[in-house]
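data39.tsv (TSV, C-alpha atoms and all ligand atoms)
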```
chain	number	residue	atom	x	y	z
A	1	MET	CA	78.05	123.03	109.33
A	2	THR	CA	79.64	122.61	105.94
A	3	THR	CA	79.69	118.82	105.75
A	4	ARG	CA	77.85	117.87	102.59
A	5	GLN	CA	75.46	114.96	102.60
A	6	LYS	CA	77.39	111.91	101.43
A	7	ARG	CA	76.56	108.32	100.83
A	8	PRO	CA	79.07	106.03	102.58
A	9	PHE	CA	81.23	104.20	100.06
A	10	VAL	CA	84.17	101.81	100.14
A	11	PRO	CA	86.99	102.89	97.80
A	12	ILE	CA	87.32	100.57	94.81
A	13	THR	CA	90.96	100.08	95.78
A	14	GLU	CA	89.84	98.60	99.13
A	15	ILE	CA	87.57	96.09	97.38
A	16	GLU	CA	90.36	95.21	95.00
A	17	HIS	CA	92.76	94.53	97.86
A	18	ALA	CA	90.33	92.05	99.37
A	19	ALA	CA	89.90	90.31	96.02
A	20	PHE	CA	93.64	90.09	95.43
A	21	CYS	CA	94.79	87.57	98.07
A	22	LYS	CA	96.38	84.61	96.34
A	23	PRO	CA	98.38	81.43	97.06
A	24	GLU	CA	102.14	82.01	97.47
A	25	ASP	CA	102.95	80.08	94.27
A	26	GLU	CA	100.86	82.52	92.24
A	27	LEU	CA	102.91	85.51	93.36
A	28	PRO	CA	105.73	85.42	90.77
A	29	SER	CA	105.00	87.63	87.77
A	30	LYS	CA	103.35	86.33	84.62
A	31	SER	CA	102.94	88.03	81.25
A	32	LEU	CA	100.74	91.10	81.55
A	33	ALA	CA	97.97	89.38	79.56
A	34	GLU	CA	97.85	86.50	82.06
A	35	GLU	CA	97.81	88.89	84.99
A	36	ILE	CA	95.00	90.94	83.50
A	37	ALA	CA	92.99	87.74	83.19
A	38	ILE	CA	93.17	87.09	86.95
A	39	ASN	CA	93.28	90.60	88.34
A	40	VAL	CA	91.00	93.53	88.65
A	41	ARG	CA	91.92	96.80	86.99
A	42	TRP	CA	94.70	97.84	84.64
A	43	GLN	CA	95.62	100.79	82.50
A	44	LYS	CA	95.18	100.17	78.78
A	45	ILE	CA	98.49	99.57	77.07
A	46	PRO	CA	99.41	98.79	73.44
A	47	THR	CA	98.73	95.10	72.84
A	48	GLU	CA	102.32	94.15	71.95
A	49	TYR	CA	103.26	94.67	75.62
A	50	LEU	CA	100.73	92.14	76.85
A	51	HIS	CA	102.53	89.01	75.73
A	52	TYR	CA	106.23	89.69	76.32
A	53	SER	CA	107.96	86.97	78.34
A	54	ALA	CA	110.16	87.83	81.34
A	55	GLU	CA	113.27	87.35	79.16
A	56	GLN	CA	111.94	89.65	76.43
A	57	LEU	CA	111.04	92.30	79.00
A	58	ASP	CA	114.51	92.05	80.54
A	59	ALA	CA	116.24	92.53	77.20
A	60	LYS	CA	113.98	95.37	76.06
A	61	ILE	CA	114.15	97.24	79.38
A	62	ALA	CA	117.96	96.96	79.34
A	63	GLU	CA	118.03	98.32	75.78
A	64	ALA	CA	115.73	101.26	76.59
A	65	ARG	CA	117.80	102.11	79.68
A	66	ARG	CA	121.01	101.97	77.65
A	67	LYS	CA	119.54	104.45	75.19
A	68	LEU	CA	118.29	106.78	77.93
A	69	GLY	CA	121.45	106.59	80.05
A	70	ALA	CA	121.65	109.09	82.92
A	71	ARG	CA	118.54	110.90	81.68
A	72	VAL	CA	116.37	108.45	83.63
A	73	THR	CA	116.33	107.23	87.24
A	74	ILE	CA	114.13	104.33	88.31
A	75	LEU	CA	112.94	104.34	91.92
A	76	GLY	CA	111.40	101.23	93.52
A	77	HIS	CA	109.32	101.15	96.70
A	78	HIS	CA	110.03	98.27	99.10
A	79	TYR	CA	106.54	96.88	98.48
A	80	GLN	CA	107.16	96.43	94.76
A	81	ARG	CA	107.42	92.90	93.42
A	82	GLU	CA	110.90	91.41	92.92
A	83	GLU	CA	110.54	91.57	89.12
A	84	ILE	CA	110.38	95.40	89.39
A	85	ILE	CA	112.83	95.95	92.25
A	86	LYS	CA	115.61	94.38	90.18
A	87	TYR	CA	115.41	97.32	87.76
A	88	ALA	CA	115.43	100.02	90.47
A	89	ASP	CA	118.45	102.31	90.77
A	90	PHE	CA	117.37	102.94	94.33
A	91	GLN	CA	114.87	101.31	96.66
A	92	GLY	CA	113.34	102.74	99.80
A	93	ASP	CA	110.18	103.83	101.54
A	94	SER	CA	108.10	106.61	100.04
A	95	PHE	CA	109.93	109.47	101.69
A	96	LEU	CA	113.45	108.14	101.12
A	97	LEU	CA	112.58	107.69	97.46
A	98	SER	CA	111.29	111.24	97.14
A	99	GLN	CA	114.47	112.54	98.75
A	100	GLU	CA	116.43	110.40	96.34
A	101	ALA	CA	114.51	111.97	93.47
A	102	ALA	CA	115.41	115.43	94.81
A	103	SER	CA	119.07	114.47	95.08
A	104	ARG	CA	119.34	113.54	91.40
A	105	PRO	CA	118.84	116.85	89.60
A	106	ASP	CA	120.62	115.51	86.51
A	107	ALA	CA	117.94	112.93	85.84
A	108	GLU	CA	115.45	114.43	83.43
A	109	PHE	CA	112.94	111.65	84.11
A	110	ILE	CA	112.14	109.92	87.38
A	111	VAL	CA	110.22	106.70	86.86
A	112	PHE	CA	108.55	106.03	90.19
A	113	CYS	CA	107.66	102.38	90.75
A	114	GLY	CA	105.27	102.85	93.64
A	115	VAL	CA	101.81	104.38	94.00
A	116	HIS	CA	100.25	107.69	92.99
A	117	PHE	CA	100.74	109.74	96.19
A	118	MET	CA	104.43	108.79	96.21
A	119	ALA	CA	104.93	110.02	92.66
A	120	GLU	CA	103.14	113.25	93.63
A	121	THR	CA	105.52	113.75	96.57
A	122	ALA	CA	108.50	113.08	94.31
A	123	SER	CA	107.12	115.64	91.89
A	124	ILE	CA	106.84	118.22	94.73
A	125	LEU	CA	110.38	117.58	95.99
A	126	SER	CA	112.13	117.22	92.63
A	127	GLY	CA	113.23	120.07	90.39
A	128	GLN	CA	110.78	121.90	88.11
A	129	HIS	CA	112.83	120.68	85.13
A	130	GLN	CA	112.28	117.01	86.08
A	131	LYS	CA	109.34	114.88	85.06
A	132	VAL	CA	108.00	112.19	87.38
A	133	ILE	CA	106.35	109.19	85.75
A	134	LEU	CA	104.13	106.50	87.28
A	135	PRO	CA	104.29	103.42	85.00
A	136	ASN	CA	100.64	102.44	85.60
A	137	ILE	CA	98.28	105.33	86.30
A	138	THR	CA	95.82	103.08	88.18
A	139	ALA	CA	98.40	102.39	90.91
A	140	GLY	CA	96.64	104.29	93.70
A	141	CYS	CA	96.41	103.66	97.43
A	142	SER	CA	93.24	102.69	99.28
A	143	MET	CA	94.30	104.65	102.37
A	144	ALA	CA	94.84	107.84	100.38
A	145	ASP	CA	91.51	107.24	98.62
A	146	MET	CA	89.75	107.28	102.02
A	147	ALA	CA	90.54	110.97	102.45
A	148	PRO	CA	89.30	112.79	99.33
A	149	MET	CA	89.94	116.52	99.19
A	150	GLU	CA	86.32	117.64	99.38
A	151	ASP	CA	85.67	115.59	102.54
A	152	VAL	CA	88.79	116.85	104.27
A	153	GLU	CA	88.00	120.47	103.40
A	154	ASP	CA	84.47	120.05	104.80
A	155	ALA	CA	85.83	118.52	107.99
A	156	TRP	CA	88.39	121.27	108.38
A	157	ASP	CA	85.76	124.01	107.99
A	158	ASP	CA	83.52	122.29	110.54
A	159	LEU	CA	86.35	121.94	113.03
A	160	ILE	CA	87.34	125.60	112.75
A	161	GLU	CA	83.71	126.59	113.37
A	162	VAL	CA	83.15	124.23	116.33
A	163	LEU	CA	86.50	124.96	117.99
A	164	ASP	CA	86.24	128.74	117.67
A	165	GLY	CA	87.00	130.02	121.18
A	166	TYR	CA	88.06	126.55	122.44
A	167	GLY	CA	91.72	126.46	121.29
A	168	GLY	CA	93.00	125.50	117.89
A	169	VAL	CA	93.79	122.36	115.99
A	170	THR	CA	96.96	121.45	114.11
A	171	PRO	CA	96.48	119.31	110.99
A	172	VAL	CA	99.04	116.54	110.53
A	173	THR	CA	98.94	114.26	107.54
A	174	TYR	CA	100.74	111.01	106.99
A	175	MET	CA	102.87	110.92	103.86
A	176	ASN	CA	100.30	108.46	102.43
A	177	SER	CA	97.83	111.14	101.39
A	178	ILE	CA	97.09	113.14	98.27
A	179	ALA	CA	99.11	116.31	97.65
A	180	GLY	CA	96.06	118.54	98.23
A	181	ILE	CA	95.90	117.40	101.86
A	182	LYS	CA	99.61	118.04	102.39
A	183	ALA	CA	98.91	121.53	101.00
A	184	LEU	CA	95.97	122.03	103.39
A	185	CYS	CA	98.30	121.16	106.28
A	186	GLY	CA	100.95	123.56	104.97
A	187	LYS	CA	98.42	126.40	104.68
A	188	ASN	CA	97.00	125.84	108.16
A	189	GLY	CA	100.08	125.57	110.36
A	190	GLY	CA	100.42	121.79	110.06
A	191	ALA	CA	102.96	119.27	108.86
A	192	VAL	CA	103.49	115.96	107.13
A	193	CYS	CA	104.82	112.89	108.95
A	194	THR	CA	106.13	109.47	108.03
A	195	SER	CA	105.81	106.29	110.06
A	196	SER	CA	109.44	106.84	111.17
A	197	ASN	CA	108.96	110.33	112.58
A	198	ALA	CA	105.25	110.40	113.51
A	199	THR	CA	106.08	110.62	117.25
A	200	ARG	CA	108.37	113.62	116.80
A	201	VAL	CA	105.90	115.38	114.48
A	202	LEU	CA	103.01	114.84	116.92
A	203	GLU	CA	105.12	116.22	119.79
A	204	TRP	CA	105.74	119.31	117.68
A	205	ALA	CA	102.07	119.55	116.73
A	206	PHE	CA	101.02	119.56	120.40
A	207	GLU	CA	103.47	122.38	121.04
A	208	GLN	CA	101.48	124.43	118.49
A	209	ASN	CA	97.97	123.61	119.71
A	210	ASP	CA	95.98	121.62	122.24
A	211	ARG	CA	94.70	119.21	119.66
A	212	VAL	CA	95.60	117.52	116.38
A	213	LEU	CA	93.62	116.41	113.36
A	214	PHE	CA	95.50	113.33	112.12
A	215	LEU	CA	94.97	112.19	108.51
A	216	PRO	CA	94.31	109.75	106.92
A	217	ASP	CA	95.41	106.67	108.93
A	218	GLN	CA	93.55	106.34	112.20
A	219	HIS	CA	95.78	103.45	113.30
A	220	LEU	CA	99.11	105.22	112.92
A	221	GLY	CA	97.55	108.25	114.62
A	222	ARG	CA	96.15	106.23	117.52
A	223	ASN	CA	99.26	104.08	118.03
A	224	THR	CA	101.51	107.14	118.01
A	225	ALA	CA	99.29	109.19	120.33
A	226	LEU	CA	99.20	106.31	122.82
A	227	LYS	CA	103.01	106.34	122.85
A	228	LEU	CA	102.83	110.00	123.83
A	229	GLY	CA	100.59	109.20	126.79
A	230	ILE	CA	97.33	110.38	125.23
A	231	SER	CA	94.56	108.09	126.39
A	232	LEU	CA	91.84	106.56	124.23
A	233	ASP	CA	89.17	108.70	125.88
A	234	GLN	CA	91.02	111.79	124.62
A	235	MET	CA	90.70	110.58	121.02
A	236	VAL	CA	87.73	110.67	118.65
A	237	VAL	CA	87.36	109.27	115.15
A	238	TRP	CA	86.12	111.50	112.33
A	239	ASN	CA	83.77	109.58	110.06
A	240	PRO	CA	83.50	111.69	106.89
A	241	PHE	CA	80.04	110.30	106.10
A	242	LYS	CA	78.47	111.69	109.28
A	243	SER	CA	77.69	115.19	110.45
A	244	LEU	CA	80.63	116.48	112.55
A	245	GLY	CA	82.33	113.18	111.79
A	246	GLY	CA	79.84	111.39	114.06
A	247	ASN	CA	80.82	113.44	117.13
A	248	THR	CA	79.11	116.03	119.28
A	249	GLU	CA	80.52	119.55	119.57
A	250	ASP	CA	81.50	118.79	123.18
A	251	GLN	CA	83.35	115.64	122.19
A	252	LEU	CA	85.35	117.55	119.60
A	253	ARG	CA	86.10	120.38	122.03
A	254	SER	CA	87.43	118.01	124.68
A	255	ALA	CA	89.39	115.76	122.27
A	256	LYS	CA	93.16	115.96	121.94
A	257	MET	CA	93.38	113.69	118.88
A	258	ILE	CA	90.87	113.73	116.05
A	259	LEU	CA	91.61	110.66	113.95
A	260	TRP	CA	90.45	110.53	110.35
A	261	GLN	CA	88.61	107.28	109.68
A	262	GLY	CA	91.06	105.82	107.17
A	263	HIS	CA	93.22	102.72	107.18
A	264	CYS	CA	95.61	100.65	105.11
A	265	SER	CA	93.83	97.67	103.57
A	266	VAL	CA	97.03	95.63	103.75
A	267	HIS	CA	98.11	96.30	107.34
A	268	THR	CA	94.65	96.00	108.88
A	269	ARG	CA	94.67	92.31	107.92
A	270	PHE	CA	97.15	91.52	110.70
A	271	THR	CA	95.50	90.24	113.85
A	272	VAL	CA	96.22	89.17	117.43
A	273	LYS	CA	95.15	85.62	116.49
A	274	GLN	CA	97.87	85.48	113.84
A	275	ILE	CA	100.41	86.61	116.45
A	276	GLU	CA	99.30	83.89	118.86
A	277	SER	CA	99.50	81.30	116.11
A	278	ALA	CA	103.03	82.41	115.08
A	279	ARG	CA	104.18	82.15	118.71
A	280	GLU	CA	102.78	78.63	118.95
A	281	ARG	CA	104.37	77.50	115.67
A	282	ILE	CA	107.80	79.15	115.83
A	283	PRO	CA	109.80	78.83	119.06
A	284	GLY	CA	111.54	82.05	120.08
A	285	VAL	CA	109.89	84.07	117.30
A	286	LYS	CA	109.86	87.85	117.58
A	287	VAL	CA	106.75	89.54	116.21
A	288	LEU	CA	107.43	92.77	114.36
A	289	VAL	CA	104.57	94.84	112.89
A	290	HIS	CA	104.07	98.15	111.11
A	291	PRO	CA	102.27	100.91	113.08
A	292	GLU	CA	99.56	101.05	110.38
A	293	CYS	CA	98.26	97.84	112.02
A	294	PRO	CA	95.33	98.11	114.46
A	295	MET	CA	96.12	99.01	118.08
A	296	GLU	CA	95.39	95.50	119.43
A	297	THR	CA	97.86	93.98	116.95
A	298	VAL	CA	100.53	96.55	117.75
A	299	ASP	CA	100.00	95.95	121.49
A	300	ALA	CA	100.33	92.18	121.11
A	301	ALA	CA	103.48	92.40	118.95
A	302	ASP	CA	107.01	92.50	120.41
A	303	ILE	CA	108.07	95.50	118.35
A	304	ASN	CA	106.43	97.93	115.95
A	305	GLY	CA	108.23	100.13	113.50
A	306	SER	CA	108.31	101.71	110.06
A	307	THR	CA	109.28	99.86	106.90
A	308	GLU	CA	112.88	101.06	107.26
A	309	THR	CA	112.94	99.95	110.94
A	310	ILE	CA	111.58	96.52	110.02
A	311	ARG	CA	114.27	96.10	107.37
A	312	ALA	CA	117.09	97.26	109.63
A	313	LEU	CA	116.02	95.09	112.58
A	314	ILE	CA	115.82	91.91	110.52
A	315	ASN	CA	118.93	92.57	108.43
A	316	ASP	CA	120.98	93.34	111.57
A	317	SER	CA	119.60	90.51	113.73
A	318	PRO	CA	121.79	87.53	114.68
A	319	SER	CA	121.90	84.40	112.56
A	320	GLY	CA	119.28	81.87	113.69
A	321	SER	CA	116.78	84.48	114.87
A	322	ALA	CA	113.13	84.10	113.93
A	323	TRP	CA	110.73	86.85	112.85
A	324	ALA	CA	107.02	86.93	112.12
A	325	VAL	CA	106.37	90.16	110.31
A	326	GLY	CA	103.18	92.16	109.86
A	327	THR	CA	103.80	94.13	106.71
A	328	GLU	CA	103.44	93.85	102.93
A	329	ILE	CA	104.28	90.39	101.60
A	330	SER	CA	106.69	91.46	98.82
A	331	LEU	CA	108.94	93.09	101.41
A	332	VAL	CA	108.65	90.14	103.81
A	333	ASN	CA	109.56	87.68	101.03
A	334	ARG	CA	112.56	89.84	100.04
A	335	LEU	CA	113.74	89.98	103.66
A	336	ALA	CA	113.44	86.19	103.86
A	337	LEU	CA	115.41	85.81	100.62
A	338	ASN	CA	118.18	88.16	101.75
A	339	ASN	CA	118.44	86.59	105.21
A	340	PRO	CA	118.63	82.84	104.52
A	341	ASP	CA	120.27	82.18	107.90
A	342	LYS	CA	117.15	83.48	109.72
A	343	THR	CA	113.49	82.49	109.79
A	344	VAL	CA	111.41	85.33	108.34
A	345	VAL	CA	107.70	84.72	107.75
A	346	CYS	CA	104.64	86.84	107.11
A	347	LEU	CA	102.15	86.91	110.01
A	348	ASP	CA	99.26	86.40	107.60
A	349	PRO	CA	99.16	82.83	106.26
A	350	VAL	CA	97.31	84.10	103.15
A	351	SER	CA	99.46	86.10	100.72
A	352	CYS	CA	97.86	89.48	100.18
A	353	PRO	CA	100.16	91.84	98.32
A	354	CYS	CA	99.23	95.49	98.11
A	355	SER	CA	97.15	95.12	94.95
A	356	THR	CA	97.80	98.66	93.76
A	357	MET	CA	101.57	98.37	94.22
A	358	TYR	CA	101.32	95.13	92.26
A	359	ARG	CA	99.95	97.00	89.25
A	360	ILE	CA	103.45	98.09	88.32
A	361	HIS	CA	104.22	95.19	85.98
A	362	PRO	CA	107.55	95.15	84.07
A	363	ALA	CA	105.54	95.58	80.83
A	364	TYR	CA	104.35	99.00	82.08
A	365	LEU	CA	107.90	99.94	83.00
A	366	LEU	CA	109.01	99.01	79.49
A	367	TRP	CA	106.11	100.94	77.96
A	368	VAL	CA	107.02	104.23	79.69
A	369	LEU	CA	110.76	103.76	79.06
A	370	GLU	CA	110.24	103.09	75.34
A	371	GLY	CA	107.95	106.13	75.28
A	372	LEU	CA	110.81	108.25	76.62
A	373	VAL	CA	113.19	106.83	74.02
A	374	GLU	CA	110.68	107.96	71.37
A	375	GLY	CA	110.34	111.38	73.02
A	376	GLU	CA	106.90	110.72	74.52
A	377	VAL	CA	106.28	111.23	78.26
A	378	ILE	CA	103.57	108.77	79.37
A	379	ASN	CA	101.77	109.10	82.73
A	380	GLU	CA	103.51	112.21	83.99
A	381	ILE	CA	102.46	113.06	87.57
A	382	SER	CA	102.47	116.73	88.52
A	383	VAL	CA	100.73	119.13	90.88
A	384	THR	CA	99.76	122.78	90.52
A	385	ASP	CA	102.23	125.46	91.63
A	386	GLU	CA	99.96	126.38	94.55
A	387	VAL	CA	99.70	122.81	95.80
A	388	ARG	CA	103.44	122.38	95.35
A	389	SER	CA	104.37	125.45	97.41
A	390	ASP	CA	101.81	124.80	100.19
A	391	SER	CA	102.82	121.13	100.40
A	392	MET	CA	106.48	122.14	100.58
A	393	VAL	CA	105.69	124.20	103.69
A	394	ALA	CA	104.24	121.11	105.41
A	395	LEU	CA	107.12	118.92	104.26
A	396	GLU	CA	109.74	121.47	105.34
A	397	ARG	CA	108.17	121.73	108.81
A	398	MET	CA	108.65	117.99	109.12
A	399	LEU	CA	112.22	118.11	107.81
A	400	ALA	CA	113.14	120.86	110.25
A	401	LEU	CA	112.34	118.57	113.21
A	402	LYS	CA	115.25	116.61	114.61
B	501	LIG	S1	100.37	99.16	101.59
B	501	LIG	FE1	98.55	100.30	102.33
B	501	LIG	S2	99.21	102.42	102.58
B	501	LIG	FE2	100.79	101.35	101.31
B	501	LIG	S3	100.16	101.76	99.20
B	501	LIG	FE3	99.22	99.80	99.76
B	501	LIG	S4	97.16	100.38	100.55
B	501	LIG	FE4	98.39	102.25	100.48
```

Taking this structure as input, can you express it in the form of structure tokens?
Ligand code: SF4
Amino acid sequence: MTTRQKRPFVPITEIEHAAFCKPEDELPSKSLAEEIAINVRWQKIPTEYLHYSAEQLDAKIAEARRKLGARVTILGHHYQREEIIKYADFQGDSFLLSQEAASRPDAEFIVFCGVHFMAETASILSGQHQKVILPNITAGCSMADMAPMEDVEDAWDDLIEVLDGYGGVTPVTYMNSIAGIKALCGKNGGAVCTSSNATRVLEWAFEQNDRVLFLPDQHLGRNTALKLGISLDQMVVWNPFKSLGGNTEDQLRSAKMILWQGHCSVHTRFTVKQIESARERIPGVKVLVHPECPMETVDAADINGSTETIRALINDSPSGSAWAVGTEISLVNRLALNNPDKTVVCLDPVSCPCSTMYRIHPAYLLWVLEGLVEGEVINEISVTDEVRSDSMVALERMLALK
């Protein structure tokens, strides 16, 4: 076995998420200095940026953008706060944004207002002449942090050894993973998936092999496999802190789905109790959750779907309809704002934004834009040529599926 001895740890990003829940009236942005005082971890930034008011930031960002013109494109993930989304040339989920980056070859700089793995994917899909910038380098993702490269490589080596002579395994990774894992999938006959196409990608993966290693979100993996008729007793969870992921050789050999023990700290907060409470409080409410939520929550909901599905369903629903939504609060609040003729509420009564998404404050956006005006590229995100080409293989396999 190649699994190295590891001490179990909780990613710092996971702890920060838990510490970040706040009352609704504290959600609107403050100056960066005030936010640093109440939050957890920030990238150091020149002090003049700490105290700019919203109006000053607006004026300065507009001025920097005017100077940069078409040389820069700003992309905003749906989970970004409103005060960032208003500056985005395009908003979408992580994959749509990366495709958008690829479709703008004239933009020399792509400022990605999202988290680290998204900027990496944009860097893989965009042209070699383009530079992708993440305004705050500490904007990571707790789910991606739960599948570090060394652990995944160890697990892969163990699986190849144990399954030798017992059929193969196709690695599939969710978009929300570091580029190195996408590359591992590309090199080993696997693919990437998004929450929109996970079912189709898993169908394809089972055409290649009898079993799948699904990374890093156990919930998306489990919920999708159940849709395909795979039963819970055909699934095992791989705990990276235990030998063979906490499984016996026989369990691994008879499993169809090997689920990496990772999760989204935001979506695992949604519970069956919250669904019951929403149904009691709001007559006729439809409960709509993201498939990163735990199986019990997904089962109890009326509908589950990706971020883009959630948006489309609510935006296209009839006036007067009511929705309780299990996804990130910034998106839910935006859907409520844009659909004033409908009731749109978050399932969780406590407001818990994705704390790492929240690290993209307008002051950071201004900082990187003014850097570009001065000819300085701050926080460029890039990957090695090898990782880029292997990841592209996994991404192209996904794109080839209809
Ligand atoms: S919402 Fe979850 S998966 Fe998305 S960036 Fe935040 S922690 Fe990661």

Expected answer as an NGL selection string: residues within 6 Å of ligand LIG 501 (chain B), only C-alpha atoms and all ligand atoms: :A and (141-143 or 264-266 or 354)

Please indicate the distance in Å from atom CA of Val298 of chain A to atom CA of Thr173 of chain A, rounded to one decimal place.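 One can read the atom CA of Val298 of chain A to atom CA of Thr173 of chain A distance as 20.5 Å.
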
Skip Glu63 of chain A itself and residues of its chain fewer than 6 positions away, then list as an MDAnalysis selection string all residues within 10 Å of it, counting all atoms listed in the file. chainID A and resid 57 69 366 369:370 373

Write a file of the selected residues as a PDB file, in the frame of the given file, keeping C-alpha atoms.
```
ATOM      1  CA  LEU A  57     111.040  92.300  79.000  1.00  0.00           C
ATOM      2  CA  GLY A  69     121.450 106.590  80.050  1.00  0.00           C
ATOM      3  CA  LEU A 366     109.010  99.010  79.490  1.00  0.00           C
ATOM      4  CA  LEU A 369     110.760 103.760  79.060  1.00  0.00           C
ATOM      5  CA  GLU A 370     110.240 103.090  75.340  1.00  0.00           C
ATOM      6  CA  VAL A 373     113.190 106.830  74.020  1.00  0.00           C
TER       7      VAL A 373
END
```

Given the choices A:Asp302, A:Asp316, A:Glu328, A:Glu153, which gets closest to Lys342 of chain A if the distance is worked out from all atoms listed in the file?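 Comparing A:Asp302, A:Asp316, A:Glu328, A:Glu153 against Lys342 of chain A, the winner is A:Asp316.
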
Around all the atoms of segment 210-214 of chain A listed in the file, with 6 Å of room on each side, what axis-aligned box do you get, giving centre and edge lengths in Å to one decimal, as lines of an AutoDock Vina configuration file?
```
center_x = 94.8
center_y = 117.5
center_z = 117.2
size_x = 14.4
size_y = 20.3
size_z = 22.1
```

Could you check the closest approach to Phe90 of chain A for each of A:Gly76, A:Gly262, A:Gly186, A:Gly371 and tell me which residue wins, using all atoms listed in the file?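 The closest residue to Phe90 of chain A is A:Gly76.
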
Give me, please, the distance in Å between atom CA of Val152 of chain A and atom CA of Pro240 of chain A, quoted to one decimal. 7.8 Å

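Here atom CA of Val285 of chain A stands at a distance of 14.8 Å from atom CA of Val332 of chain A.
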
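Remark: for Arg311 of chain A, the closest of the candidate residues A:Ala183, A:Ala33, A:Ala336, A:Ala400 is A:Ala336 (distances computed over all atoms listed in the file).
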
Give me, as number ranges by chain, all polymer residues having an atom no more than 7 Å from segment 201-216 of chain A, counting all atoms listed in the file and skipping those fewer than 3 positions away in the same chain. A: 143-144, 147, 167-174, 177, 193, 197-198, 221, 255-262, 398

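Of the listed residues (A:Gln218, A:Asn333, A:Thr356, A:Gln234), A:Gln218 comes nearest to Cys293 of chain A; the distances count all atoms listed in the file.
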
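If you measure from each of A:Ser351, A:Thr307, A:Asn247, A:Asn315 to Arg269 of chain A using all atoms listed in the file, the closest one turns out to be A:Ser351.
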
I'd like to know which of A:Ala394, A:Val377, A:Leu96, A:Ile36 is closest to Leu75 of chain A, using only C-alpha atoms. A:Leu96

Give me, as a PDB file with C-alpha atoms, in the frame of the given file, all polymer residues having an atom no more than 9 Å from Ile133 of chain A, counting only C-alpha atoms and skipping those fewer than 3 positions away in the same chain.
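Final output, around21.pdb:
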```pdb
ATOM      1  CA  PHE A 109     112.940 111.650  84.110  1.00  0.00           C
ATOM      2  CA  ILE A 110     112.140 109.920  87.380  1.00  0.00           C
ATOM      3  CA  VAL A 111     110.220 106.700  86.860  1.00  0.00           C
ATOM      4  CA  PHE A 112     108.550 106.030  90.190  1.00  0.00           C
ATOM      5  CA  CYS A 113     107.660 102.380  90.750  1.00  0.00           C
ATOM      6  CA  ALA A 119     104.930 110.020  92.660  1.00  0.00           C
ATOM      7  CA  SER A 123     107.120 115.640  91.890  1.00  0.00           C
ATOM      8  CA  ASN A 136     100.640 102.440  85.600  1.00  0.00           C
ATOM      9  CA  ILE A 137      98.280 105.330  86.300  1.00  0.00           C
ATOM     10  CA  VAL A 368     107.020 104.230  79.690  1.00  0.00           C
ATOM     11  CA  VAL A 377     106.280 111.230  78.260  1.00  0.00           C
ATOM     12  CA  ILE A 378     103.570 108.770  79.370  1.00  0.00           C
ATOM     13  CA  ASN A 379     101.770 109.100  82.730  1.00  0.00           C
ATOM     14  CA  GLU A 380     103.510 112.210  83.990  1.00  0.00           C
ATOM     15  CA  ILE A 381     102.460 113.060  87.570  1.00  0.00           C
ATOM     16  CA  SER A 382     102.470 116.730  88.520  1.00  0.00           C
TER      17      SER A 382
END
```

May I have the residues at most 6 Å from (106.6, 108.1, 105.6) in the file's coordinates, counting all atoms listed in the file, as a list of chain:residue names?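 Applying the cut-off with all atoms listed in the file, one gets A:Ser94, A:Phe95, A:Met175, A:Thr194, A:Ser195.
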
May I have the protein, DNA and RNA residues with any atom at most 12 Å from the point (105.2, 89.5, 109.9), counting all atoms listed in the file, written as a PyMOL selection string? chain A and resi 266-267+269-272+274-275+277-279+285-290+293+297-298+301-305+307+310-311+314+322-333+335-336+343-351

Could you complete segment 66-74 of chain A so that it carries N, CA and C atoms, and give it back as a CSV table (one decimal), in the frame of the given file?
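The resulting result-v1.csv:
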```csv
chain,number,residue,atom,x,y,z
A,66,ARG,N,119.7,101.6,78.3
A,66,ARG,CA,121.0,102.0,77.6
A,66,ARG,C,120.9,103.2,76.8
A,67,LYS,N,119.8,103.3,76.1
A,67,LYS,CA,119.5,104.4,75.2
A,67,LYS,C,119.3,105.7,76.0
A,68,LEU,N,118.6,105.6,77.1
A,68,LEU,CA,118.3,106.8,77.9
A,68,LEU,C,119.4,107.2,78.8
A,69,GLY,N,120.3,106.3,79.2
A,69,GLY,CA,121.4,106.6,80.0
A,69,GLY,C,121.1,107.3,81.3
A,70,ALA,N,121.9,108.4,81.7
A,70,ALA,CA,121.6,109.1,82.9
A,70,ALA,C,120.4,110.0,82.9
A,71,ARG,N,119.7,110.0,81.7
A,71,ARG,CA,118.5,110.9,81.7
A,71,ARG,C,117.4,110.3,82.5
A,72,VAL,N,117.5,109.1,82.9
A,72,VAL,CA,116.4,108.4,83.6
A,72,VAL,C,116.9,107.8,84.9
A,73,THR,N,116.1,107.9,86.0
A,73,THR,CA,116.3,107.2,87.2
A,73,THR,C,115.1,106.4,87.6
A,74,ILE,N,115.3,105.2,87.9
A,74,ILE,CA,114.1,104.3,88.3
A,74,ILE,C,114.2,104.1,89.8
```
